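Q: This is the structure I want to talk about, given as structure tokens.
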Amino acid sequence: MREITPRSPIAILLIVIVIGYAAILFIAPLVAVVQGAFAGGLEPILNTFRDPSVVHAFQVTLVLSGAAVAINAILGLTTAWVLTRHRFRGRKLFDTLVDIPFVFSPVIAGYAMIVLFGRDGWLAPPLVPIVFALPGILLAKVFVSLPFVVREVQPVLQTIAPEQEEAAATIGAGSFTTFRRVILPEIRTALLYGVVLTFARAIGEFGAVAVVSGNIEGYTETATSYVYRALNDRSTVGAYSVSVTLCLLSIGILVLMSSLRRRLNEQER
Amino acid sequence: MIRYSHILSLLTFLLVVSAFAPIQAQDAPAPVNLTLAGYAVPREAYGDIIPLFQQYWQEQTGQQVIVLESYQASGAQSRAVAGGFEADIVALSIEPDVTRLVDAGLISEDWKSETPYDGFVTRSLVVLAVRPGNPLGITGWGGLANENIQVITPDPATSGGAQWNILAAYGAARHGAAEGFSADDTGAEAFLRAVAANIEVLDRDGRESFLTFERGIGDVAITYENEVLGGQLVGGQYDLIIPQSTILIENPVAVVDTYVDLHGTREVAEAFVQFLFAADAQRAFANHGFRPVNPTVGAEYGLVDEGTPGAVTPNTTITFAPVDDLFTIEEFGGWREARAAFFGDEGLFTRIIAEVQGQ
């Protein structure tokens, strides 16, 4: 990699633009949210977290986002594998369709789920409710965060030559061993990155969840739904403190990821 | 030796287990769950009423009742219940949102006869909110048509409550309450056109619209008496103007028959709805700015005379002023007619807004 010390005015201008853009888009709002949370001191914030419905909202958010990560890690890996290792009719189309959750409005996805799984829906569940209950929230989170693992892992898989897998097979490795000893070491950084993005997207999801959850306090309300409710109830401290916590969670995950990645890279050397 | 990973797994396990159960108190004998699907605004009032009902039901039957609460915009809530959100009780902002559930076969046709006040649990008025001290001297509807006045009102295309505002403005003008416009349909239409041209922001629902006004946008908000009184209670700085002529808002409540029969909760759901009409619940609504439908309680807030005290003490800072000319939705031949005439694809307001935005 070649680094250039900026000399020309254009280079300096570019740096200023990039930093200014970042400052306006995410640093300023972050500062505003933190300031809003601490505007009334520590006591109102503590009171927010003493509200059992807030604690429950975080539990629902974390557990269901974790479950969404598990589902999308496994199915995402499988999808990436199928797309890179197999040739079948419609593969290109399917490859394009994987990105649908990125271009689809989450609110519309939520309504589509109600049409499918709601009362008199095509796939109305006979026993356990899906929409307006926790499974619906999980489904919404899985949907919106589906492409990350696939899109992170797929290009790396493409760079691994099938010969390595064949070589492993000829010396007697079963398919699981081949995956664990040959494939996984190659893709783990990409997988890790995909998992982190999936988790961050899942905890932050609002639109689809707001439509399918019914927003029942202490039951199907998620942390982001609580933020929306608190804003409408003039409980700005509640909204700000939960927002700050969500921000800290996301930043924490990013930090954790980069430190893990560094450790993995050191192990490889 | 205790390993961190063990502690972590234990914590994860506890987190998972507790997330899947709704919040409930421990060691209660077979509690019953009741799901209330409400529109956003009366949330605080229900926060006062639900504990009273829980106590009442415990005394009556010995059973603990857990009320699961959901609040969102009335139309969205109604569509969710129609789509399979199995709420036992709906408390909505406008009657058509209940009618949708009747049409869907979830609520019986005769729901209005099941409660003492024709299915309506609270009332309010369409009013105007202005900046402190009323710097622009707006005294009634006529002031909204003046040039360079910025008006805030929610969007009737998305908000049921917003439709009250447009109907109030039109009806009042037709009754001659908009100075400078003739007291007939032609004058009312011209008035509505002038007001629409002054609209600064059309928010998605009533609460969002009023919060926009609270944040300092606009000179006058067309809003609801309960919204202004409720906002003033938590320190909002604005003046309430009750126009001489306006519409009476009536908010319906109903038991969702299909779902209570499915859950076996009919008895407790009906008891809850009846409880909403009793004096203490009506006082709780009034303390949050809603006009009570129960006349005894109304009396305590200056509507007629005096009543009997109970567990809820009337807030003496709230009084409901009389209105000279109060009309109802019947002015327009009921909701079905009004919606078609004003908010349908060819409705008057739909056309006016298209013209104004096309300019």
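So you can find residues: chains in the structure tokens are A, B, ... in the order shown, residues in each start at 1, and ligands are numbered from 1 in order.
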Can you pull out the residues contacting Ala32 in chain A? Cut-off 12 Å, using only C-alpha atoms, and skip same-chain residues under 5 positions away; I want them as a list in words.

A: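 Residues meeting the cut-off are Ala23, Ile24, Leu25, Phe26, Ile27, Ala37, Phe38, Ala39, Tyr240, Ser241, Ser243 and Val244 of chain A.
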
Q: At a cut-off of 8 Å, which residues of chain A touch chain B? Count only C-alpha atoms and give the answer as a ChimeraX atom specification.

A: /A:52-53,56,59-60,63,114-115,118-119,131-132,134,211,214-219,232

Q: Would you return as a compact mmCIF listing (two decimals) with N, CA, C and O atoms, in the first residue's frame the members of range 23-246 of chain B that DSSP assigns to strand (DSSP E) on this structure's backbone?

A:
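out.txt, written as the output of this step:
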# COMPACT_ATOMS: atom_id res chain seq x y z
N VAL B 32 -55.14 -13.97 34.76
CA VAL B 32 -55.71 -13.92 33.42
C VAL B 32 -55.05 -12.77 32.66
O VAL B 32 -54.78 -11.71 33.23
N ASN B 33 -54.73 -13.01 31.40
CA ASN B 33 -54.12 -11.98 30.56
C ASN B 33 -55.19 -11.26 29.75
O ASN B 33 -56.06 -11.89 29.17
N LEU B 34 -55.07 -9.94 29.70
CA LEU B 34 -56.00 -9.14 28.92
C LEU B 34 -55.16 -8.23 28.04
O LEU B 34 -54.26 -7.55 28.55
N THR B 35 -55.39 -8.24 26.73
CA THR B 35 -54.60 -7.39 25.85
C THR B 35 -55.43 -6.19 25.40
O THR B 35 -56.53 -6.35 24.87
N LEU B 36 -54.88 -5.01 25.66
CA LEU B 36 -55.56 -3.77 25.29
C LEU B 36 -54.83 -3.12 24.12
O LEU B 36 -53.64 -2.85 24.20
N ALA B 37 -55.53 -2.93 23.02
CA ALA B 37 -54.94 -2.25 21.86
C ALA B 37 -55.54 -0.85 21.79
O ALA B 37 -56.71 -0.69 21.46
N GLY B 38 -54.73 0.14 22.13
CA GLY B 38 -55.27 1.49 22.18
C GLY B 38 -54.62 2.40 21.17
O GLY B 38 -53.59 2.06 20.58
N VAL B 65 -55.35 -9.99 37.35
CA VAL B 65 -55.45 -9.76 35.91
C VAL B 65 -54.22 -8.98 35.45
O VAL B 65 -53.81 -8.00 36.08
N ILE B 66 -53.59 -9.48 34.40
CA ILE B 66 -52.42 -8.82 33.82
C ILE B 66 -52.86 -8.15 32.54
O ILE B 66 -53.44 -8.81 31.66
N VAL B 67 -52.67 -6.86 32.44
CA VAL B 67 -53.10 -6.16 31.24
C VAL B 67 -51.87 -5.89 30.37
O VAL B 67 -50.92 -5.23 30.80
N LEU B 68 -51.86 -6.47 29.17
CA LEU B 68 -50.80 -6.20 28.21
C LEU B 68 -51.25 -5.03 27.36
O LEU B 68 -52.35 -5.05 26.81
N GLU B 69 -50.41 -4.00 27.28
CA GLU B 69 -50.84 -2.78 26.60
C GLU B 69 -50.06 -2.53 25.32
O GLU B 69 -48.85 -2.70 25.29
N SER B 70 -50.78 -2.12 24.28
CA SER B 70 -50.13 -1.72 23.03
C SER B 70 -50.77 -0.42 22.58
O SER B 70 -52.00 -0.30 22.57
N TYR B 71 -49.95 0.56 22.23
CA TYR B 71 -50.48 1.84 21.77
C TYR B 71 -49.82 2.24 20.47
O TYR B 71 -48.60 2.26 20.37
N ILE B 89 -59.45 -6.03 23.79
CA ILE B 89 -60.19 -4.77 23.83
C ILE B 89 -59.52 -3.78 22.89
O ILE B 89 -58.28 -3.70 22.87
N VAL B 90 -60.33 -3.03 22.12
CA VAL B 90 -59.75 -1.94 21.35
C VAL B 90 -60.30 -0.61 21.86
O VAL B 90 -61.48 -0.49 22.16
N ALA B 91 -59.40 0.36 22.00
CA ALA B 91 -59.79 1.72 22.38
C ALA B 91 -59.22 2.62 21.31
O ALA B 91 -58.01 2.84 21.26
N PHE B 120 -68.98 5.02 23.17
CA PHE B 120 -67.94 6.05 23.29
C PHE B 120 -67.53 6.23 24.74
O PHE B 120 -68.38 6.39 25.62
N VAL B 121 -66.23 6.22 24.99
CA VAL B 121 -65.75 6.25 26.37
C VAL B 121 -65.22 7.62 26.77
O VAL B 121 -65.23 7.98 27.94
N THR B 122 -64.73 8.39 25.79
CA THR B 122 -64.26 9.74 26.09
C THR B 122 -64.71 10.67 24.98
O THR B 122 -65.07 10.24 23.89
N ARG B 123 -64.67 11.96 25.30
CA ARG B 123 -64.98 12.99 24.31
C ARG B 123 -63.89 14.03 24.32
O ARG B 123 -63.13 14.14 25.28
N SER B 124 -63.84 14.80 23.28
CA SER B 124 -62.95 15.94 23.25
C SER B 124 -63.46 16.91 22.20
O SER B 124 -64.51 16.66 21.60
N LEU B 125 -62.75 18.00 22.01
CA LEU B 125 -63.15 18.98 21.01
C LEU B 125 -61.99 19.24 20.07
O LEU B 125 -60.84 19.12 20.46
N VAL B 126 -62.31 19.62 18.84
CA VAL B 126 -61.28 20.16 17.97
C VAL B 126 -61.09 21.62 18.38
O VAL B 126 -62.06 22.38 18.45
N VAL B 127 -59.86 21.97 18.74
CA VAL B 127 -59.58 23.33 19.24
C VAL B 127 -58.37 23.89 18.50
O VAL B 127 -57.76 23.22 17.67
N LEU B 128 -57.99 25.11 18.86
CA LEU B 128 -56.80 25.73 18.29
C LEU B 128 -55.80 25.96 19.41
O LEU B 128 -56.18 26.27 20.54
N ALA B 129 -54.52 25.76 19.11
CA ALA B 129 -53.47 26.08 20.06
C ALA B 129 -52.63 27.18 19.44
O ALA B 129 -52.28 27.10 18.26
N VAL B 130 -52.33 28.23 20.23
CA VAL B 130 -51.52 29.34 19.71
C VAL B 130 -50.35 29.58 20.65
O VAL B 130 -50.31 29.05 21.76
N VAL B 151 -50.22 27.16 9.60
CA VAL B 151 -51.13 26.24 10.29
C VAL B 151 -50.51 24.84 10.35
O VAL B 151 -49.92 24.38 9.38
N ILE B 152 -50.64 24.18 11.51
CA ILE B 152 -50.16 22.81 11.67
C ILE B 152 -51.38 21.92 11.92
O ILE B 152 -52.20 22.20 12.79
N THR B 153 -51.50 20.85 11.14
CA THR B 153 -52.58 19.87 11.37
C THR B 153 -52.09 18.54 10.82
O THR B 153 -51.29 18.51 9.89
N PRO B 154 -52.52 17.42 11.41
CA PRO B 154 -52.07 16.13 10.87
C PRO B 154 -52.73 15.82 9.53
O PRO B 154 -53.69 16.47 9.13
N ILE B 199 -51.34 25.61 5.40
CA ILE B 199 -50.81 24.48 6.15
C ILE B 199 -49.31 24.34 5.91
O ILE B 199 -48.86 24.28 4.77
N GLU B 200 -48.57 24.32 7.00
CA GLU B 200 -47.12 24.30 6.92
C GLU B 200 -46.60 22.85 6.93
O GLU B 200 -45.74 22.50 6.14
N VAL B 201 -47.12 22.04 7.85
CA VAL B 201 -46.68 20.65 7.96
C VAL B 201 -47.91 19.76 8.12
O VAL B 201 -48.81 20.08 8.90
N LEU B 202 -47.96 18.65 7.35
CA LEU B 202 -49.01 17.65 7.53
C LEU B 202 -48.34 16.41 8.12
O LEU B 202 -47.76 15.62 7.39
N ASP B 203 -48.40 16.25 9.45
CA ASP B 203 -47.75 15.09 10.07
C ASP B 203 -48.62 13.86 9.96
O ASP B 203 -49.80 13.92 9.64
N VAL B 220 -50.24 28.42 14.56
CA VAL B 220 -51.44 27.87 15.19
C VAL B 220 -51.57 26.40 14.80
O VAL B 220 -51.27 26.01 13.67
N ALA B 221 -51.96 25.58 15.77
CA ALA B 221 -52.18 24.16 15.51
C ALA B 221 -53.66 23.86 15.62
O ALA B 221 -54.30 24.29 16.59
N ILE B 222 -54.21 23.16 14.64
CA ILE B 222 -55.56 22.62 14.80
C ILE B 222 -55.36 21.29 15.52
O ILE B 222 -54.68 20.40 15.01
N THR B 223 -55.90 21.19 16.74
CA THR B 223 -55.59 20.01 17.54
C THR B 223 -56.79 19.69 18.43
O THR B 223 -57.91 20.11 18.13
N TYR B 224 -56.54 18.96 19.51
CA TYR B 224 -57.64 18.48 20.35
C TYR B 224 -57.50 19.06 21.75
O TYR B 224 -56.39 19.24 22.25
N ASP B 239 -51.34 28.59 24.37
CA ASP B 239 -52.68 28.93 24.83
C ASP B 239 -53.72 28.12 24.09
O ASP B 239 -53.57 27.82 22.90
N LEU B 240 -54.77 27.77 24.83
CA LEU B 240 -55.88 27.00 24.26
C LEU B 240 -56.96 27.97 23.80
O LEU B 240 -57.36 28.87 24.53
N ILE B 241 -57.41 27.80 22.57
CA ILE B 241 -58.52 28.61 22.07
C ILE B 241 -59.65 27.69 21.65
O ILE B 241 -59.47 26.84 20.75
N SER B 245 -67.64 27.66 17.49
CA SER B 245 -68.32 26.53 16.87
C SER B 245 -67.29 25.45 16.56
O SER B 245 -66.25 25.73 15.96
N THR B 246 -67.55 24.21 17.00
CA THR B 246 -66.60 23.15 16.68
C THR B 246 -67.28 21.79 16.79
O THR B 246 -68.46 21.69 17.16

Q: Just the number, please: distance in Å from CA of Glu221 in chain A to CA of Ala57 in chain A, one decimal.

A: 5.4 Å

Q: Taking the chain letters and numbering used in this document, name the residues of range 241-336 of chain B that DSSP puts in helix (DSSP H, G or I), as JSON, numbers by chain.

A: {"B": [257, 258, 259, 260, 261, 262, 263, 266, 267, 268, 269, 270, 271, 272, 273, 274, 275, 279, 280, 281, 282, 283, 284, 285, 286, 287, 295, 296, 297, 298, 299, 300, 329, 330, 331, 332, 335, 336]}

Q: Restricting the output to C-alpha atoms, write the selected residues as a PDB file, in the first residue's frame.

A:
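In the end it all went to part.pdb:
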ATOM      1  CA  ASP B 257     -65.726 -10.692  20.341  1.00  0.00           C
ATOM      2  CA  THR B 258     -63.828 -13.211  18.209  1.00  0.00           C
ATOM      3  CA  TYR B 259     -60.623 -12.893  20.221  1.00  0.00           C
ATOM      4  CA  VAL B 260     -62.161 -12.887  23.729  1.00  0.00           C
ATOM      5  CA  ASP B 261     -64.061 -16.055  22.847  1.00  0.00           C
ATOM      6  CA  LEU B 262     -60.833 -17.565  21.533  1.00  0.00           C
ATOM      7  CA  HIS B 263     -58.979 -16.655  24.755  1.00  0.00           C
ATOM      8  CA  ARG B 266     -65.020 -12.385  27.668  1.00  0.00           C
ATOM      9  CA  GLU B 267     -66.058 -11.914  31.281  1.00  0.00           C
ATOM     10  CA  VAL B 268     -63.001  -9.935  32.378  1.00  0.00           C
ATOM     11  CA  ALA B 269     -62.841  -7.973  29.096  1.00  0.00           C
ATOM     12  CA  GLU B 270     -66.462  -6.868  29.425  1.00  0.00           C
ATOM     13  CA  ALA B 271     -65.885  -5.971  33.078  1.00  0.00           C
ATOM     14  CA  PHE B 272     -62.893  -3.831  32.036  1.00  0.00           C
ATOM     15  CA  VAL B 273     -64.914  -1.969  29.430  1.00  0.00           C
ATOM     16  CA  GLN B 274     -67.739  -1.342  31.924  1.00  0.00           C
ATOM     17  CA  PHE B 275     -65.134  -0.146  34.446  1.00  0.00           C
ATOM     18  CA  ALA B 279     -66.603   7.420  38.008  1.00  0.00           C
ATOM     19  CA  ASP B 280     -62.931   6.811  38.871  1.00  0.00           C
ATOM     20  CA  ALA B 281     -61.895   5.790  35.357  1.00  0.00           C
ATOM     21  CA  GLN B 282     -63.787   8.754  33.924  1.00  0.00           C
ATOM     22  CA  ARG B 283     -61.978  11.049  36.390  1.00  0.00           C
ATOM     23  CA  ALA B 284     -58.659   9.561  35.271  1.00  0.00           C
ATOM     24  CA  PHE B 285     -59.501  10.367  31.652  1.00  0.00           C
ATOM     25  CA  ALA B 286     -60.591  13.877  32.656  1.00  0.00           C
ATOM     26  CA  ASN B 287     -57.351  14.418  34.596  1.00  0.00           C
ATOM     27  CA  PRO B 295     -72.256  13.221  33.438  1.00  0.00           C
ATOM     28  CA  THR B 296     -71.627  12.919  37.188  1.00  0.00           C
ATOM     29  CA  VAL B 297     -67.893  13.110  36.590  1.00  0.00           C
ATOM     30  CA  GLY B 298     -68.340  15.815  33.976  1.00  0.00           C
ATOM     31  CA  ALA B 299     -69.995  17.864  36.675  1.00  0.00           C
ATOM     32  CA  GLU B 300     -66.811  17.821  38.762  1.00  0.00           C
ATOM     33  CA  ILE B 329     -70.403  13.819  12.927  1.00  0.00           C
ATOM     34  CA  GLU B 330     -74.165  13.641  12.186  1.00  0.00           C
ATOM     35  CA  GLU B 331     -73.744  17.172  10.767  1.00  0.00           C
ATOM     36  CA  PHE B 332     -72.245  15.346   7.756  1.00  0.00           C
ATOM     37  CA  TRP B 335     -68.773   8.798   9.109  1.00  0.00           C
ATOM     38  CA  ARG B 336     -69.425   6.809   5.951  1.00  0.00           C
TER      39      ARG B 336
END

Q: Quote the spacing between CA of Ala73 in chain B and CA of Val237 in chain A in Å to one decimal place.

A: 22.1 Å

Q: Excluding Thr178 in chain A and any residue of its chain fewer than 5 positions from it, enumerate the residues within 10 Å of it, using only C-alpha atoms, and give them as a PyMOL selection string.

A: chain A and resi 164-169+172-173+183-184

Q: Produce a file of the selected residues containing all heavy atoms, as a PDB file, in the first residue's frame.

A:
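Result file part-v8.pdb:
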ATOM      1  N   GLN A 164      -8.032 -27.442  -3.184  1.00  0.00           N
ATOM      2  CA  GLN A 164      -7.678 -27.638  -1.778  1.00  0.00           C
ATOM      3  C   GLN A 164      -8.637 -28.604  -1.102  1.00  0.00           C
ATOM      4  O   GLN A 164      -8.241 -29.461  -0.317  1.00  0.00           O
ATOM      5  CB  GLN A 164      -7.694 -26.301  -1.037  1.00  0.00           C
ATOM      6  CG  GLN A 164      -6.590 -25.380  -1.482  1.00  0.00           C
ATOM      7  CD  GLN A 164      -6.653 -24.053  -0.763  1.00  0.00           C
ATOM      8  OE1 GLN A 164      -7.202 -23.953   0.315  1.00  0.00           O
ATOM      9  NE2 GLN A 164      -6.072 -23.042  -1.358  1.00  0.00           N
ATOM     10  N   GLU A 165      -9.932 -28.429  -1.423  1.00  0.00           N
ATOM     11  CA  GLU A 165     -10.930 -29.317  -0.839  1.00  0.00           C
ATOM     12  C   GLU A 165     -10.737 -30.735  -1.362  1.00  0.00           C
ATOM     13  O   GLU A 165     -10.809 -31.707  -0.615  1.00  0.00           O
ATOM     14  CB  GLU A 165     -12.345 -28.843  -1.189  1.00  0.00           C
ATOM     15  CG  GLU A 165     -12.705 -27.544  -0.489  1.00  0.00           C
ATOM     16  CD  GLU A 165     -13.704 -26.743  -1.280  1.00  0.00           C
ATOM     17  OE1 GLU A 165     -14.652 -27.343  -1.815  1.00  0.00           O
ATOM     18  OE2 GLU A 165     -13.521 -25.519  -1.382  1.00  0.00           O
ATOM     19  N   GLU A 166     -10.441 -30.832  -2.680  1.00  0.00           N
ATOM     20  CA  GLU A 166     -10.238 -32.163  -3.262  1.00  0.00           C
ATOM     21  C   GLU A 166      -9.023 -32.833  -2.646  1.00  0.00           C
ATOM     22  O   GLU A 166      -9.044 -34.023  -2.330  1.00  0.00           O
ATOM     23  CB  GLU A 166     -10.076 -32.058  -4.787  1.00  0.00           C
ATOM     24  CG  GLU A 166     -11.408 -31.837  -5.494  1.00  0.00           C
ATOM     25  CD  GLU A 166     -11.261 -31.192  -6.867  1.00  0.00           C
ATOM     26  OE1 GLU A 166     -10.151 -31.241  -7.440  1.00  0.00           O
ATOM     27  OE2 GLU A 166     -12.265 -30.622  -7.352  1.00  0.00           O
ATOM     28  N   ALA A 167      -7.958 -32.023  -2.440  1.00  0.00           N
ATOM     29  CA  ALA A 167      -6.748 -32.568  -1.823  1.00  0.00           C
ATOM     30  C   ALA A 167      -7.062 -33.100  -0.437  1.00  0.00           C
ATOM     31  O   ALA A 167      -6.643 -34.203  -0.057  1.00  0.00           O
ATOM     32  CB  ALA A 167      -5.667 -31.490  -1.747  1.00  0.00           C
ATOM     33  N   ALA A 168      -7.842 -32.324   0.333  1.00  0.00           N
ATOM     34  CA  ALA A 168      -8.208 -32.757   1.678  1.00  0.00           C
ATOM     35  C   ALA A 168      -8.986 -34.066   1.614  1.00  0.00           C
ATOM     36  O   ALA A 168      -8.776 -34.968   2.427  1.00  0.00           O
ATOM     37  CB  ALA A 168      -9.037 -31.681   2.363  1.00  0.00           C
ATOM     38  N   ALA A 169      -9.853 -34.167   0.617  1.00  0.00           N
ATOM     39  CA  ALA A 169     -10.669 -35.370   0.486  1.00  0.00           C
ATOM     40  C   ALA A 169      -9.803 -36.581   0.154  1.00  0.00           C
ATOM     41  O   ALA A 169     -10.007 -37.665   0.686  1.00  0.00           O
ATOM     42  CB  ALA A 169     -11.739 -35.170  -0.590  1.00  0.00           C
ATOM     43  N   GLY A 172      -8.290 -38.319   2.926  1.00  0.00           N
ATOM     44  CA  GLY A 172      -9.225 -38.999   3.817  1.00  0.00           C
ATOM     45  C   GLY A 172     -10.035 -38.119   4.724  1.00  0.00           C
ATOM     46  O   GLY A 172     -10.624 -38.594   5.682  1.00  0.00           O
ATOM     47  N   ALA A 173     -10.064 -36.814   4.482  1.00  0.00           N
ATOM     48  CA  ALA A 173     -10.843 -35.932   5.345  1.00  0.00           C
ATOM     49  C   ALA A 173     -12.320 -36.010   4.958  1.00  0.00           C
ATOM     50  O   ALA A 173     -12.658 -35.966   3.785  1.00  0.00           O
ATOM     51  CB  ALA A 173     -10.350 -34.502   5.219  1.00  0.00           C
ATOM     52  N   ILE A 183     -11.741 -24.781   4.903  1.00  0.00           N
ATOM     53  CA  ILE A 183     -12.582 -23.623   4.518  1.00  0.00           C
ATOM     54  C   ILE A 183     -12.635 -22.578   5.625  1.00  0.00           C
ATOM     55  O   ILE A 183     -12.395 -21.386   5.399  1.00  0.00           O
ATOM     56  CB  ILE A 183     -14.019 -24.083   4.179  1.00  0.00           C
ATOM     57  CG1 ILE A 183     -14.021 -25.303   3.300  1.00  0.00           C
ATOM     58  CG2 ILE A 183     -14.808 -22.922   3.590  1.00  0.00           C
ATOM     59  CD1 ILE A 183     -13.739 -25.057   1.867  1.00  0.00           C
ATOM     60  N   LEU A 184     -12.966 -23.033   6.834  1.00  0.00           N
ATOM     61  CA  LEU A 184     -13.230 -22.089   7.911  1.00  0.00           C
ATOM     62  C   LEU A 184     -12.083 -21.116   8.174  1.00  0.00           C
ATOM     63  O   LEU A 184     -12.321 -19.914   8.322  1.00  0.00           O
ATOM     64  CB  LEU A 184     -13.630 -22.858   9.190  1.00  0.00           C
ATOM     65  CG  LEU A 184     -14.328 -22.020  10.261  1.00  0.00           C
ATOM     66  CD1 LEU A 184     -15.600 -21.398   9.712  1.00  0.00           C
ATOM     67  CD2 LEU A 184     -14.662 -22.878  11.476  1.00  0.00           C
TER      68      LEU A 184
END

Q: Would you mind listing what lies within 12 Å of Gln55 in chain B as a ChimeraX atom specification, with only C-alpha atoms counted and same-chain residues fewer than 4 positions away left out?

A: /B:48-51,59-66,272,275,311

Q: Let me see the file: selected residues, all heavy atoms, as a compact mmCIF listing (two decimals), in the first residue's frame.

A:
# COMPACT_ATOMS: atom_id res chain seq x y z
N ASP B 48 -53.23 5.11 34.71
CA ASP B 48 -53.88 5.34 36.01
C ASP B 48 -55.02 4.36 36.25
O ASP B 48 -55.28 3.95 37.38
CB ASP B 48 -54.47 6.76 36.06
CG ASP B 48 -53.40 7.84 36.02
OD1 ASP B 48 -52.22 7.49 36.19
OD2 ASP B 48 -53.76 9.02 35.80
N ILE B 49 -55.72 4.00 35.16
CA ILE B 49 -56.95 3.21 35.30
C ILE B 49 -56.66 1.73 35.54
O ILE B 49 -57.32 1.09 36.36
CB ILE B 49 -57.83 3.37 34.03
CG1 ILE B 49 -58.33 4.82 33.94
CG2 ILE B 49 -59.00 2.40 34.02
CD1 ILE B 49 -58.93 5.18 32.60
N ILE B 50 -55.65 1.18 34.84
CA ILE B 50 -55.41 -0.25 34.90
C ILE B 50 -55.14 -0.77 36.33
O ILE B 50 -55.76 -1.75 36.74
CB ILE B 50 -54.30 -0.65 33.89
CG1 ILE B 50 -54.89 -0.58 32.48
CG2 ILE B 50 -53.76 -2.05 34.16
CD1 ILE B 50 -53.87 -0.63 31.37
N PRO B 51 -54.29 -0.09 37.12
CA PRO B 51 -54.11 -0.57 38.51
C PRO B 51 -55.41 -0.58 39.31
O PRO B 51 -55.64 -1.49 40.12
CB PRO B 51 -53.12 0.42 39.11
CG PRO B 51 -52.43 1.04 37.95
CD PRO B 51 -53.42 1.04 36.83
N GLU B 59 -60.60 -7.88 44.06
CA GLU B 59 -61.58 -7.86 45.14
C GLU B 59 -62.85 -8.62 44.75
O GLU B 59 -63.44 -9.32 45.56
CB GLU B 59 -61.95 -6.41 45.50
CG GLU B 59 -60.89 -5.74 46.37
CD GLU B 59 -61.05 -4.23 46.42
OE1 GLU B 59 -62.10 -3.72 45.95
OE2 GLU B 59 -60.12 -3.56 46.91
N GLN B 60 -63.26 -8.47 43.50
CA GLN B 60 -64.49 -9.10 43.04
C GLN B 60 -64.35 -10.62 42.90
O GLN B 60 -65.25 -11.35 43.26
CB GLN B 60 -64.90 -8.53 41.67
CG GLN B 60 -65.31 -7.08 41.70
CD GLN B 60 -66.67 -6.88 42.38
OE1 GLN B 60 -67.65 -7.53 42.02
NE2 GLN B 60 -66.72 -5.99 43.35
N THR B 61 -63.21 -11.07 42.34
CA THR B 61 -63.12 -12.48 41.96
C THR B 61 -61.93 -13.21 42.60
O THR B 61 -61.85 -14.42 42.49
CB THR B 61 -62.94 -12.61 40.43
OG1 THR B 61 -61.67 -12.02 40.11
CG2 THR B 61 -64.03 -11.90 39.66
N GLY B 62 -61.01 -12.47 43.22
CA GLY B 62 -59.81 -13.08 43.77
C GLY B 62 -58.77 -13.40 42.72
O GLY B 62 -57.71 -13.92 43.01
N GLN B 63 -59.09 -13.06 41.47
CA GLN B 63 -58.18 -13.39 40.38
C GLN B 63 -57.29 -12.20 40.03
O GLN B 63 -57.74 -11.05 40.07
CB GLN B 63 -59.01 -13.78 39.15
CG GLN B 63 -58.19 -14.34 38.02
CD GLN B 63 -59.08 -14.65 36.81
OE1 GLN B 63 -60.06 -13.96 36.57
NE2 GLN B 63 -58.69 -15.67 36.05
N GLN B 64 -56.05 -12.52 39.72
CA GLN B 64 -55.14 -11.46 39.29
C GLN B 64 -55.29 -11.26 37.79
O GLN B 64 -55.38 -12.23 37.05
CB GLN B 64 -53.70 -11.87 39.62
CG GLN B 64 -52.72 -10.73 39.46
CD GLN B 64 -51.29 -11.22 39.42
OE1 GLN B 64 -51.03 -12.41 39.43
NE2 GLN B 64 -50.37 -10.28 39.36
N VAL B 65 -55.35 -9.99 37.35
CA VAL B 65 -55.45 -9.76 35.91
C VAL B 65 -54.22 -8.98 35.45
O VAL B 65 -53.81 -8.00 36.08
CB VAL B 65 -56.78 -9.09 35.52
CG1 VAL B 65 -57.08 -7.91 36.38
CG2 VAL B 65 -56.78 -8.66 34.07
N ILE B 66 -53.59 -9.48 34.40
CA ILE B 66 -52.42 -8.82 33.82
C ILE B 66 -52.86 -8.15 32.54
O ILE B 66 -53.44 -8.81 31.66
CB ILE B 66 -51.31 -9.85 33.53
CG1 ILE B 66 -50.82 -10.44 34.85
CG2 ILE B 66 -50.17 -9.21 32.76
CD1 ILE B 66 -50.24 -11.80 34.70
N PHE B 272 -63.84 -4.93 32.21
CA PHE B 272 -62.89 -3.83 32.04
C PHE B 272 -63.55 -2.68 31.28
O PHE B 272 -63.43 -1.52 31.67
CB PHE B 272 -61.65 -4.32 31.28
CG PHE B 272 -60.59 -3.27 31.10
CD1 PHE B 272 -59.71 -2.96 32.13
CD2 PHE B 272 -60.48 -2.57 29.90
CE1 PHE B 272 -58.75 -1.98 31.97
CE2 PHE B 272 -59.52 -1.58 29.74
CZ PHE B 272 -58.65 -1.29 30.78
N PHE B 275 -65.88 -0.91 33.44
CA PHE B 275 -65.13 -0.15 34.45
C PHE B 275 -64.70 1.21 33.90
O PHE B 275 -64.59 2.18 34.65
CB PHE B 275 -63.92 -0.98 34.87
CG PHE B 275 -63.18 -0.43 36.06
CD1 PHE B 275 -63.64 -0.68 37.35
CD2 PHE B 275 -62.03 0.33 35.91
CE1 PHE B 275 -62.97 -0.19 38.46
CE2 PHE B 275 -61.35 0.83 37.02
CZ PHE B 275 -61.83 0.57 38.30
N ALA B 311 -61.57 7.06 44.43
CA ALA B 311 -60.14 6.80 44.56
C ALA B 311 -59.31 7.80 43.74
O ALA B 311 -58.17 8.07 44.06
CB ALA B 311 -59.84 5.38 44.09
